[in-house]
file my_file_5.txt (compact mmCIF, C-alpha atoms)
# COMPACT_ATOMS: atom_id res chain seq x y z
CA CYS A 23 108.78 106.34 125.17
CA LEU A 24 111.58 108.77 124.43
CA GLY A 25 110.50 111.82 122.50
CA LEU A 26 113.64 113.93 122.40
CA VAL A 27 116.87 114.57 124.26
CA LEU A 28 118.24 118.06 123.77
CA ILE A 29 121.80 118.63 124.93
CA TYR A 30 122.89 122.25 125.06
CA ASN A 31 126.45 123.46 124.86
CA ALA A 32 128.02 120.04 125.48
CA SER A 33 131.74 119.93 126.17
CA TRP A 34 134.19 118.35 123.77
CA VAL A 35 134.55 115.44 126.21
CA PHE A 36 130.84 114.66 126.02
CA ASN A 37 130.85 114.97 122.24
CA SER A 38 133.76 112.52 122.07
CA LEU A 39 131.99 110.04 124.35
CA TRP A 40 128.81 110.39 122.29
CA LYS A 41 130.68 109.43 119.12
CA ILE A 42 131.81 106.24 120.86
CA VAL A 43 128.43 105.35 122.41
CA CYS A 44 126.13 106.37 119.54
CA PRO A 45 126.90 103.38 117.27
CA LEU A 46 126.04 101.03 120.15
CA LEU A 47 122.52 102.48 120.54
CA ASP A 48 119.43 101.55 118.62
CA PRO A 49 119.28 103.89 115.60
CA VAL A 50 115.79 105.07 116.57
CA VAL A 51 117.01 106.11 120.03
CA ALA A 52 120.19 107.71 118.69
CA SER A 53 118.16 109.73 116.18
CA LYS A 54 116.26 111.39 119.04
CA VAL A 55 119.37 112.96 120.56
CA TYR A 56 120.07 116.51 119.42
CA PHE A 57 122.99 118.75 120.23
CA ALA A 58 122.22 122.48 120.41
CA GLN A 59 125.31 124.65 120.11
CA SER A 60 123.56 128.02 120.17
CA GLN A 61 120.48 129.74 121.52
CA ALA A 62 119.03 129.72 118.00
CA ASP A 63 119.36 125.91 117.98
CA MET A 64 117.44 125.75 121.26
CA LEU A 65 114.62 127.85 119.82
CA LYS A 66 114.12 125.25 117.07
CA PHE A 67 112.87 122.84 119.76
CA ILE A 68 111.52 125.01 122.58
CA ALA A 69 109.10 127.93 122.26
CA PRO A 70 110.62 131.23 123.50
CA GLU A 71 107.97 131.61 126.24
CA ASN A 72 109.03 128.24 127.70
CA LEU A 73 112.76 128.81 127.44
CA PRO A 74 114.58 130.68 130.24
CA VAL A 75 116.06 134.05 129.38
CA ALA A 76 119.58 132.69 129.99
CA TYR A 77 119.10 130.30 127.05
CA GLY A 78 117.64 132.86 124.64
CA GLY A 79 113.99 132.60 125.59
CA THR A 80 111.58 135.03 127.24
CA ASN A 81 110.67 133.07 130.39
CA ALA A 82 111.89 135.07 133.40
CA PHE A 83 110.87 132.48 136.02
CA ALA A 84 113.21 132.34 139.02
CA TYR A 85 112.85 129.45 141.47
CA GLN A 86 112.64 130.44 145.14
CA TYR A 87 112.69 127.81 147.84
CA VAL A 88 110.46 128.47 150.85
CA MET A 89 111.97 127.08 154.04
CA PRO A 90 109.88 124.74 156.19
CA ARG A 91 108.06 126.38 159.09
CA ALA A 92 108.86 125.34 162.63
CA ASN A 93 106.58 122.49 163.73
CA GLU A 94 104.72 122.34 160.40
CA ASN A 95 104.78 118.54 160.69
CA ALA A 96 104.03 118.37 164.41
CA PRO A 97 100.70 116.54 163.87
CA MET A 98 102.68 113.59 162.50
CA ALA A 99 104.25 113.08 165.93
CA ASP A 100 100.86 112.84 167.70
CA GLU A 101 100.43 109.07 167.59
CA GLY A 102 97.09 109.10 169.40
CA ALA A 103 95.50 111.55 166.97
CA ARG A 104 97.08 109.76 164.03
CA GLY A 105 95.69 106.41 165.16
CA ALA A 106 92.22 107.90 165.66
CA ALA A 107 92.33 109.59 162.24
CA VAL A 108 93.46 106.39 160.51
CA ASP A 109 90.72 104.39 162.26
CA ALA A 110 88.08 106.98 161.33
CA ARG A 111 89.16 106.89 157.69
CA ARG A 112 89.17 103.08 157.68
CA ASP A 113 85.61 103.08 159.08
CA ALA A 114 84.48 105.63 156.49
CA CYS A 115 86.08 103.54 153.75
CA GLU A 116 84.31 100.40 154.93
CA ARG A 117 80.96 102.24 155.07
CA PHE A 118 81.48 103.61 151.57
CA GLU A 119 82.43 100.15 150.26
CA ALA A 120 79.39 98.49 151.86
CA ILE A 121 76.99 101.11 150.50
CA THR A 122 78.64 100.90 147.06
CA ARG A 123 78.12 97.12 147.05
CA ARG A 124 74.43 97.61 147.84
CA TRP A 125 74.15 100.41 145.28
CA ALA A 126 75.87 98.36 142.53
CA GLY A 127 73.65 95.33 143.13
CA VAL A 128 70.39 97.23 143.46
CA ASP A 129 67.25 95.81 141.84
CA SER A 130 65.47 98.93 140.63
CA ALA A 131 62.07 97.26 140.90
CA ALA A 132 62.63 96.13 144.48
CA SER A 133 64.19 99.22 146.06
CA ASN A 134 64.81 102.92 145.65
CA PRO A 135 68.06 103.38 143.68
CA LEU A 136 67.98 107.17 144.13
CA ALA A 137 67.96 106.83 147.92
CA LEU A 138 70.97 104.48 147.71
CA ALA A 139 72.75 106.90 145.38
CA ASP A 140 72.19 109.71 147.89
CA GLU A 141 73.40 107.49 150.73
CA ARG A 142 76.47 106.57 148.69
CA ALA A 143 77.21 110.24 147.91
CA ALA A 144 76.98 111.07 151.63
CA ALA A 145 79.33 108.18 152.44
CA ALA A 146 81.76 109.44 149.79
CA ASP A 147 81.71 112.90 151.38
CA GLU A 148 82.43 111.31 154.80
CA LEU A 149 85.36 109.39 153.28
CA VAL A 150 86.83 112.56 151.75
CA ALA A 151 86.44 114.44 155.04
CA ALA A 152 88.07 111.60 157.01
CA SER A 153 90.93 111.46 154.50
CA LYS A 154 91.55 115.19 154.86
CA VAL A 155 91.67 114.91 158.66
CA MET A 156 94.08 111.97 158.41
CA ASP A 157 96.34 113.68 155.86
CA LYS A 158 98.14 116.02 158.28
CA HIS A 159 98.96 113.04 160.53
CA VAL A 160 100.44 110.82 157.81
CA ARG A 161 101.89 113.13 155.16
CA ALA A 162 104.57 115.77 155.63
CA ARG A 163 103.86 119.29 154.41
CA THR A 164 105.75 120.18 151.26
CA LEU A 165 106.86 123.22 149.31
CA TYR A 166 103.46 123.12 147.57
CA HIS A 167 101.69 123.57 150.91
CA ARG A 168 104.04 126.44 151.86
CA ILE A 169 103.50 128.41 148.66
CA GLY A 170 99.73 127.83 148.57
CA VAL A 171 99.47 125.41 145.66
CA ILE A 172 97.89 122.96 148.11
CA ASP A 173 95.60 124.79 150.52
CA SER A 174 94.54 123.77 154.04
CA ASP A 175 91.53 121.89 152.57
CA LEU A 176 93.91 120.00 150.23
CA ASN A 177 92.61 121.69 147.09
CA ILE A 178 95.11 122.31 144.31
CA HIS A 179 95.57 125.83 142.93
CA TRP A 180 98.06 125.92 140.05
call {"tool": "encode", "arguments": {"input": "my_file_5.txt", "output": "structure tokens"}}
result
Amino acid sequence: CLGLVLIYNASWVFNSLWKIVCPLLDPVVASKVYFAQSQADMLKFIAPENLPVAYGGTNAFAYQYVMPRANENAPMADEGARGAAVDARRDACERFEAITRRWAGVDSAASNPLALADERAAAADELVAASKVMDKHVRARTLYHRIGVIDSDLNIHW
């Protein structure tokens, strides 16, 4: 669902094309397109703290790309370890699914639902651990790993 399109400092060519295309669009869609000719126009739509300084805002963020490290994806090339990690995760997944089926169908009068819940929680922990081991063998490291947003235990730190 389109909320808003904000076009800043469009060239005369784009403005000319817009005048040709606009009548062909649904009026609801066309009404959501705004042309900002000045920094003051931009500030009508975007809070100053979210708008870069170059556009009249106060946000001084500057993107810096961190180059990949040598061999950061080497575990992906180790087919033996990858196969073992995938198999271990599959086994953990099957155990978790089997315990969950028992847990979901438990007759509280006939068995101990708390013991099954504990067993299921332990199986879930095993599945998470197996998934974390498998991750480095099946997923390339990204910028988010390099800058610490995703740590070595795969936790997210925004």
call {"tool": "atom_distance", "arguments": {"input": "my_file_5.txt", "atom1": "CA of Val55 in chain A", "atom2": "CA of Leu26 in chain A"}}
result
6.1 Å
call {"tool": "closest_residue", "arguments": {"input": "my_file_5.txt", "among": "A:Ala96, A:Asp147, A:Arg104, A:Cys44", "to": "Ala162 in chain A", "atoms": "all atoms listed in the file"}}
result
A:Ala96
call {"tool": "residues_around", "arguments": {"input": "my_file_5.txt", "residues": "range 61-71 of chain A", "least_positions_apart": "6", "cutoff": "6 Å", "atoms": "only C-alpha atoms", "output": "MDAnalysis selection string"}}
result
chainID A and resid 77:81
call {"tool": "closest_residue", "arguments": {"input": "my_file_5.txt", "among": "A:Val88, A:Leu47, A:Ala58, A:Ala99", "to": "Leu165 in chain A", "atoms": "all atoms listed in the file"}}
result
A:Val88
call {"tool": "residues_around", "arguments": {"input": "my_file_5.txt", "residues": "Lys154 in chain A", "least_positions_apart": "2", "cutoff": "10 Å", "atoms": "all atoms listed in the file", "output": "NGL selection string"}}
result
:A and (107 or 111 or 148-152 or 156-159 or 174-176)
call {"tool": "write_last_selection", "arguments": {"input": "my_file_5.txt", "atoms": "C-alpha atoms", "output": "PDB file, keeping the file's coordinate frame"}}
result
ATOM      1  CA  ALA A 107      92.330 109.590 162.240  1.00  0.00           C
ATOM      2  CA  ARG A 111      89.160 106.890 157.690  1.00  0.00           C
ATOM      3  CA  GLU A 148      82.430 111.310 154.800  1.00  0.00           C
ATOM      4  CA  LEU A 149      85.360 109.390 153.280  1.00  0.00           C
ATOM      5  CA  VAL A 150      86.830 112.560 151.750  1.00  0.00           C
ATOM      6  CA  ALA A 151      86.440 114.440 155.040  1.00  0.00           C
ATOM      7  CA  ALA A 152      88.070 111.600 157.010  1.00  0.00           C
ATOM      8  CA  MET A 156      94.080 111.970 158.410  1.00  0.00           C
ATOM      9  CA  ASP A 157      96.340 113.680 155.860  1.00  0.00           C
ATOM     10  CA  LYS A 158      98.140 116.020 158.280  1.00  0.00           C
ATOM     11  CA  HIS A 159      98.960 113.040 160.530  1.00  0.00           C
ATOM     12  CA  SER A 174      94.540 123.770 154.040  1.00  0.00           C
ATOM     13  CA  ASP A 175      91.530 121.890 152.570  1.00  0.00           C
ATOM     14  CA  LEU A 176      93.910 120.000 150.230  1.00  0.00           C
TER      15      LEU A 176
END
call {"tool": "atom_distance", "arguments": {"input": "my_file_5.txt", "atom1": "CA of Ser33 in chain A", "atom2": "CA of Phe57 in chain A"}}
result
10.6 Å
call {"tool": "closest_residue", "arguments": {"input": "my_file_5.txt", "among": "A:Arg142, A:Asp100, A:Val50, A:Ala110", "to": "Arg124 in chain A", "atoms": "all atoms listed in the file"}}
result
A:Arg142
call {"tool": "atom_distance", "arguments": {"input": "my_file_5.txt", "atom1": "CA of Val27 in chain A", "atom2": "CA of Val75 in chain A"}}
result
20.2 Å
call {"tool": "closest_residue", "arguments": {"input": "my_file_5.txt", "among": "A:Pro135, A:Gly127, A:Arg117, A:Val160", "to": "Gly105 in chain A", "atoms": "only C-alpha atoms"}}
result
A:Val160
